[in-house]
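Pasted below: structure13.tsv, TSV, C-alpha atoms.
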chain	number	residue	atom	x	y	z
A	1	MET	CA	54.11	42.27	94.33
A	2	ALA	CA	50.41	41.65	94.63
A	3	GLU	CA	49.26	42.34	91.08
A	4	HIS	CA	47.71	40.38	88.26
A	5	ALA	CA	46.85	40.93	84.64
A	6	SER	CA	43.23	41.07	83.58
A	7	LYS	CA	41.27	41.87	80.47
A	8	ASP	CA	40.16	45.49	80.27
A	9	PRO	CA	37.13	45.91	78.01
A	10	ALA	CA	37.30	49.68	78.53
A	11	ALA	CA	40.70	49.80	76.82
A	12	ALA	CA	39.24	48.08	73.76
A	13	ALA	CA	36.25	50.38	73.72
A	14	ASP	CA	38.53	53.42	73.79
A	15	GLY	CA	40.05	52.64	70.38
A	16	ALA	CA	37.81	51.75	67.48
A	17	GLY	CA	38.24	48.10	66.58
A	18	SER	CA	41.36	47.72	68.72
A	19	PRO	CA	41.87	44.31	70.38
A	20	GLU	CA	41.44	43.86	74.11
A	21	LYS	CA	44.60	44.59	76.10
A	22	LYS	CA	45.88	42.98	79.25
A	23	VAL	CA	45.93	45.56	82.02
A	24	VAL	CA	47.87	45.15	85.24
A	25	ARG	CA	45.84	45.86	88.35
A	26	TYR	CA	47.33	47.10	91.63
A	27	ARG	CA	44.94	46.15	94.40
A	28	SER	CA	46.51	48.20	97.20
A	29	GLU	CA	48.29	51.49	97.61
A	30	GLU	CA	51.28	49.60	99.02
A	31	ASP	CA	51.62	47.76	95.69
A	32	VAL	CA	51.73	51.09	93.87
A	33	ARG	CA	54.29	52.45	96.34
A	34	LYS	CA	56.60	49.55	95.48
A	35	LEU	CA	56.57	50.78	91.90
A	36	LEU	CA	57.91	54.11	93.10
A	37	ALA	CA	60.92	52.65	94.91
A	38	ASN	CA	64.22	53.93	93.56
A	39	ASP	CA	65.02	50.70	91.70
A	40	ASN	CA	61.63	50.61	89.94
A	41	PHE	CA	60.93	54.31	89.41
A	42	LYS	CA	62.38	54.56	85.89
A	43	LYS	CA	60.25	51.59	84.79
A	44	PHE	CA	57.21	53.22	86.36
A	45	CYS	CA	57.74	56.41	84.33
A	46	LYS	CA	57.54	54.32	81.13
A	47	LYS	CA	54.30	52.55	82.04
A	48	LYS	CA	51.19	53.03	79.92
A	49	CYS	CA	47.72	54.18	80.84
A	50	GLY	CA	45.42	51.34	81.83
A	51	HIS	CA	42.63	52.88	79.73
A	52	CYS	CA	44.07	54.32	76.51
A	53	GLY	CA	47.44	52.58	76.38
A	54	ALA	CA	49.49	55.77	75.96
A	55	VAL	CA	52.70	56.37	77.91
A	56	ALA	CA	51.25	58.03	80.99
A	57	PHE	CA	53.92	58.93	83.51
A	58	LYS	CA	56.80	60.49	81.60
A	59	ARG	CA	55.89	63.75	83.33
A	60	PHE	CA	57.18	62.27	86.60
A	61	SER	CA	60.62	61.34	85.27
A	62	LYS	CA	62.29	64.50	86.59
A	63	ILE	CA	60.42	64.55	89.92
A	64	SER	CA	61.55	62.92	93.16
A	65	PRO	CA	59.80	59.59	93.90
A	66	LEU	CA	58.98	60.98	97.36
A	67	ILE	CA	56.87	63.71	95.76
A	68	VAL	CA	55.17	61.25	93.41
A	69	ARG	CA	54.21	59.01	96.35
A	70	ALA	CA	52.13	61.85	97.72
A	71	GLN	CA	50.22	62.01	94.40
A	72	ILE	CA	49.24	58.35	94.04
A	73	GLY	CA	45.56	59.21	93.99
A	74	SER	CA	46.10	61.35	90.88
A	75	PHE	CA	47.05	58.38	88.70
A	76	TRP	CA	45.77	55.23	90.45
A	77	CYS	CA	42.12	54.15	90.67
A	78	GLN	CA	41.58	52.35	93.94
A	79	SER	CA	38.36	50.77	92.69
A	80	CYS	CA	39.67	48.97	89.59
A	81	GLY	CA	43.40	49.06	90.38
A	82	ARG	CA	44.53	50.62	87.10
A	83	LEU	CA	47.26	53.21	86.57
A	84	LEU	CA	45.85	56.03	84.42
A	85	CYS	CA	47.04	59.08	82.51
A	86	GLU	CA	45.89	62.59	83.37
A	87	ALA	CA	43.16	62.52	80.72
A	88	HIS	CA	41.57	59.30	81.95
A	89	ARG	CA	42.10	59.34	85.71
A	90	ASN	CA	38.60	60.73	86.20
A	91	GLN	CA	37.17	59.84	82.78
A	92	HIS	CA	37.92	56.12	82.43
A	93	THR	CA	35.24	53.43	82.50
A	94	CYS	CA	35.69	51.77	85.86
A	95	GLU	CA	33.86	48.46	85.78
A	96	THR	CA	33.93	48.21	89.58
A	97	GLU	CA	32.24	51.58	90.04
A	98	ASP	CA	29.82	50.83	87.18
A	99	ALA	CA	28.83	47.54	88.80
A	100	GLU	CA	28.29	49.30	92.12
A	101	PHE	CA	26.17	51.98	90.39
A	102	GLU	CA	24.08	49.31	88.68
A	103	ARG	CA	23.60	47.44	91.94
A	104	LYS	CA	22.36	50.58	93.67
A	105	ARG	CA	20.13	51.45	90.71
A	106	ARG	CA	18.26	48.18	91.17
A	107	MET	CA	17.74	48.71	94.91
A	108	ASP	CA	14.48	50.07	96.28
A	109	VAL	CA	14.37	53.18	98.45
A	110	GLY	CA	14.14	51.23	101.71
A	111	ALA	CA	17.17	49.13	100.89
A	112	ILE	CA	19.15	52.24	99.96
A	113	ARG	CA	18.25	53.85	103.26
A	114	ASP	CA	19.26	50.71	105.16
A	115	GLU	CA	22.60	50.61	103.35
A	116	ILE	CA	23.28	54.29	104.04
A	117	LYS	CA	22.50	53.69	107.70
A	118	ARG	CA	24.86	50.68	107.81
A	119	GLN	CA	27.60	52.75	106.20
A	120	GLU	CA	27.09	55.61	108.67
A	121	ASP	CA	27.06	53.16	111.60
A	122	ALA	CA	30.28	51.62	110.29
A	123	LYS	CA	31.88	55.09	110.03
A	124	ASP	CA	30.78	55.93	113.57
A	125	ALA	CA	32.18	52.63	114.86
A	126	ALA	CA	35.47	53.25	113.04
A	127	ARG	CA	35.70	56.76	114.50
A	128	GLU	CA	34.99	55.44	117.99
A	129	ALA	CA	37.61	52.71	117.57
A	130	GLU	CA	40.15	55.25	116.34
A	131	ALA	CA	39.37	57.56	119.27
A	132	ALA	CA	39.67	54.69	121.73
A	133	GLU	CA	43.00	53.66	120.23
A	134	LYS	CA	44.22	57.24	120.47
A	135	ARG	CA	43.12	57.48	124.10
A	136	LEU	CA	44.91	54.23	124.91
A	137	LEU	CA	48.08	55.47	123.22
A	138	ASN	CA	47.92	58.75	125.13
A	139	GLU	CA	47.36	56.88	128.39
A	140	LYS	CA	50.40	54.70	127.70
A	141	LYS	CA	52.51	57.77	126.89
A	142	ALA	CA	51.30	59.48	130.06
A	143	ALA	CA	52.12	56.38	132.13
A	144	VAL	CA	55.64	56.21	130.68
A	145	TRP	CA	56.16	59.94	131.25
A	146	LEU	CA	54.95	59.67	134.87
A	147	ALA	CA	57.14	56.61	135.53
A	148	TRP	CA	60.25	58.44	134.34
A	149	LYS	CA	59.31	61.52	136.33
A	150	GLU	CA	59.11	59.40	139.47
A	151	ARG	CA	62.51	57.90	138.68
A	152	ARG	CA	63.99	61.37	138.18
A	153	LYS	CA	62.49	62.45	141.51
A	154	HIS	CA	64.04	59.35	143.10
A	155	VAL	CA	67.60	60.20	142.00
A	156	ALA	CA	67.11	63.91	142.69
A	157	GLY	CA	65.91	63.19	146.23
A	158	ILE	CA	68.95	61.02	146.92
A	159	SER	CA	71.22	63.71	145.50
A	160	THR	CA	69.74	66.21	147.96
A	161	SER	CA	70.43	63.85	150.87
A	162	VAL	CA	74.00	63.27	149.69
A	163	ALA	CA	74.75	66.98	149.19
A	164	ASN	CA	73.31	67.84	152.62
A	165	MET	CA	75.20	65.06	154.35
A	166	VAL	CA	78.54	65.92	152.71
A	167	GLN	CA	78.02	69.53	153.78
A	168	ARG	CA	77.35	68.41	157.37
A	169	TRP	CA	80.47	66.24	157.39
A	170	ALA	CA	82.53	69.16	156.09
A	171	VAL	CA	81.20	71.51	158.80
A	172	GLN	CA	81.89	68.92	161.52
A	173	THR	CA	85.45	68.26	160.32
A	174	ASP	CA	88.44	70.20	161.61
A	175	GLU	CA	90.14	72.61	159.23
A	176	GLY	CA	92.66	71.00	156.90
A	177	ARG	CA	92.93	69.06	153.69
A	178	VAL	CA	90.11	66.66	154.55
A	179	ARG	CA	87.71	69.51	155.19
A	180	ASP	CA	88.79	71.29	152.01
A	181	SER	CA	88.22	68.09	150.03
A	182	LEU	CA	84.79	67.65	151.59
A	183	LEU	CA	83.85	71.23	150.74
A	184	GLU	CA	84.88	70.63	147.12
A	185	LEU	CA	82.80	67.45	147.08
A	186	TYR	CA	79.87	69.37	148.55
A	187	THR	CA	80.12	72.07	145.86
A	188	SER	CA	80.19	69.43	143.13
A	189	SER	CA	77.32	67.44	144.70
A	190	SER	CA	75.23	70.60	145.10
A	191	ARG	CA	75.59	71.36	141.39
A	192	ILE	CA	74.64	67.80	140.52
A	193	ASN	CA	71.63	68.08	142.84
A	194	LEU	CA	70.46	71.20	141.00
A	195	ARG	CA	70.95	69.45	137.65
A	196	LEU	CA	68.93	66.40	138.68
A	197	TRP	CA	66.05	68.50	140.03
A	198	ASN	CA	66.03	70.50	136.79
A	199	GLU	CA	65.56	67.17	135.00
A	200	VAL	CA	62.46	66.55	137.12
A	201	GLN	CA	60.88	69.89	136.18
A	202	ALA	CA	62.04	70.23	132.56
A	203	PRO	CA	63.76	67.03	131.36
A	204	GLU	CA	66.26	67.29	128.55
A	205	ILE	CA	66.86	63.53	128.47
A	206	ARG	CA	63.90	61.47	127.30
A	207	GLU	CA	63.01	58.19	128.98
A	208	ASN	CA	66.09	58.16	131.18
A	209	VAL	CA	67.74	59.91	134.08
A	210	ASP	CA	71.00	61.82	133.75
A	211	VAL	CA	73.21	58.79	134.41
A	212	ASP	CA	76.40	60.82	133.92
A	213	ALA	CA	75.41	63.18	136.72
A	214	TRP	CA	74.32	60.19	138.82
A	215	ALA	CA	77.70	58.51	138.27
A	216	ARG	CA	79.55	61.69	139.35
A	217	LEU	CA	77.38	61.91	142.47
A	218	SER	CA	78.17	58.27	143.28
A	219	ARG	CA	81.91	58.95	143.00
A	220	ASN	CA	81.58	62.07	145.17
A	221	TYR	CA	79.74	60.09	147.82
A	222	ALA	CA	82.26	57.23	147.78
A	223	ARG	CA	85.13	59.70	148.14
A	224	ALA	CA	83.39	61.49	151.05
A	225	CYS	CA	82.85	58.14	152.78
A	226	ASP	CA	86.55	57.30	152.36
A	227	LEU	CA	87.55	60.66	153.85
A	228	THR	CA	85.25	60.45	156.87
A	229	GLY	CA	84.75	56.75	157.46
A	230	LEU	CA	81.02	57.47	157.58
A	231	VAL	CA	78.07	56.34	155.43
A	232	VAL	CA	74.49	57.49	154.91
A	233	MET	CA	71.98	55.02	156.32
A	234	VAL	CA	68.55	54.57	154.72
A	235	GLU	CA	66.04	52.52	156.72
A	236	GLY	CA	68.88	50.80	158.55
A	237	VAL	CA	71.02	49.93	155.52
A	238	PRO	CA	73.82	51.86	153.78
A	239	LEU	CA	72.76	54.09	150.88
A	240	ASP	CA	72.72	52.10	147.62
A	241	PHE	CA	73.40	53.84	144.30
A	242	ALA	CA	71.99	50.98	142.20
A	243	LEU	CA	69.10	52.10	140.01
A	244	PRO	CA	66.48	49.32	140.32
A	245	TRP	CA	65.14	49.71	136.78
A	246	MET	CA	68.54	49.25	135.11
A	247	PRO	CA	70.54	46.01	134.76
A	248	LEU	CA	73.52	46.01	137.15
A	249	GLU	CA	75.96	45.47	134.29
A	250	GLU	CA	74.86	48.82	132.82
A	251	GLN	CA	75.75	50.69	136.03
A	252	PRO	CA	79.57	51.05	136.03
A	253	TRP	CA	79.46	53.51	138.96
A	254	LEU	CA	78.69	50.53	141.23
A	255	GLU	CA	82.10	49.01	140.54
A	256	PRO	CA	84.80	49.96	143.07
A	257	GLU	CA	87.54	52.16	141.64

I need this file expressed as structure tokens, please.
Amino acid sequence: MAEHASKDPAAAADGAGSPEKKVVRYRSEEDVRKLLANDNFKKFCKKKCGHCGAVAFKRFSKISPLIVRAQIGSFWCQSCGRLLCEAHRNQHTCETEDAEFERKRRMDVGAIRDEIKRQEDAKDAAREAEAAEKRLLNEKKAAVWLAWKERRKHVAGISTSVANMVQRWAVQTDEGRVRDSLLELYTSSSRINLRLWNEVQAPEIRENVDVDAWARLSRNYARACDLTGLVVMVEGVPLDFALPWMPLEEQPWLEPE
């Protein structure tokens, strides 16, 4: 934990004639948060005020550490790093703030104006940087969303072709068990087609396509090909159900049954 003990003249000044006390300083909010972890919380509740030395945090002993974390500013001074009781959180002598006040007191008006301008410029730059970071994050999210939408449209488009082709094969086949099987496969493929297009318009699955529906469509297509001896050709090659953005080992529907 990033903390160190230092002499606190304010603690001595608070009690008449009392000796100086070593006060632990917590230089970051993260250091204070570590005190509030479950294993340390009981010890934290017994800690003393960095100004008057009284037990300061017994009032938190029956409160969840999660709630106390949201109240760090009510008992920790970011300037001097001390933990303080309710009475002295806003009334303690903070040597850091006093030094800053004294420094500003000695400055002339022009220097004060220049410093205020530098501070305002720094705030503006920080706001611009934050806005730019937010824009970049939104652009990345939009790019990811668009990429997955295109992938969903890809599988939905293929499902339309498969459903239409299975229907055509069924219509062109003589009545009998083969035709009945093709009609069943068409009905199933048509439902899958509707499901995959619904995923394009209002996706329920984030950052993926409905691979279960895709696997069922692949099995339907393979069965229809077995029944008819025909295949769907795309740009001169048989239709491929491999999804190019997924490793082949994660696509079990490509394995022959």

Original post:
So which residues touch stretch 230-238 of chain A within 10 Å, counting all atoms listed in the file, skipping near sequence neighbours fewer than 5 positions away, as a ChimeraX atom specification?
Top reply: /A:161-162,165-166,169,221-222,224-225

**OP:** Can you work out the spacing between atom CA of A:Val144 and atom CA of A:Pro203 in Å, to one decimal?
**Re:**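 That distance, rounded to one decimal, is 13.5 Å.
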
**OP:** Quote the spacing between atom CA of A:Leu254 and atom CA of A:Thr160 in Å to one decimal place.
**Re:** 19.3 Å

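Using all atoms listed in the file, the protein and nucleic acid residues lying no more than 7 Å from stretch 178-194 of chain A, apart from those fewer than 6 places from it along its own chain, are Ala156, Ser159, Thr160, Ala163, Val166, Gln167, Ala170, Ala213, Leu217, Asn220, Ala224 and Leu227 of chain A.
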
Selection file, C-alpha atoms, as a PDB file, in the coordinates of the input:
ATOM      1  CA  ALA A 156      67.110  63.910 142.690  1.00  0.00           C
ATOM      2  CA  SER A 159      71.220  63.710 145.500  1.00  0.00           C
ATOM      3  CA  THR A 160      69.740  66.210 147.960  1.00  0.00           C
ATOM      4  CA  ALA A 163      74.750  66.980 149.190  1.00  0.00           C
ATOM      5  CA  VAL A 166      78.540  65.920 152.710  1.00  0.00           C
ATOM      6  CA  GLN A 167      78.020  69.530 153.780  1.00  0.00           C
ATOM      7  CA  ALA A 170      82.530  69.160 156.090  1.00  0.00           C
ATOM      8  CA  ALA A 213      75.410  63.180 136.720  1.00  0.00           C
ATOM      9  CA  LEU A 217      77.380  61.910 142.470  1.00  0.00           C
ATOM     10  CA  ASN A 220      81.580  62.070 145.170  1.00  0.00           C
ATOM     11  CA  ALA A 224      83.390  61.490 151.050  1.00  0.00           C
ATOM     12  CA  LEU A 227      87.550  60.660 153.850  1.00  0.00           C
TER      13      LEU A 227
END

**OP:** Could you tell me which of A:Asn90, A:Asn164, A:Gln251, A:Thr96 comes closest to A:Asp212 if we count all atoms listed in the file?
**Re:**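 Result for the nearest residue to A:Asp212: A:Gln251.
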
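Nearest to A:Lys141 of all the residues A:Glu249, A:Ser28, A:Glu207, A:Asn38 is A:Glu207, based on all atoms listed in the file.
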
**OP:** Have a look at A:Val109, A:Met246, A:Ile63, A:Ala70 and name the one nearest to A:Arg33; count all atoms listed in the file.
**Re:** A:Ala70

**OP:** May I have the residues within 12 Å of A:Trp145 as JSON, numbers by chain, using only C-alpha atoms and disregarding those fewer than 3 positions away in the same chain?
**Re:** {"A": [138, 139, 140, 141, 142, 148, 149, 150, 151, 152, 200, 202, 203, 205, 206, 207, 208, 209]}
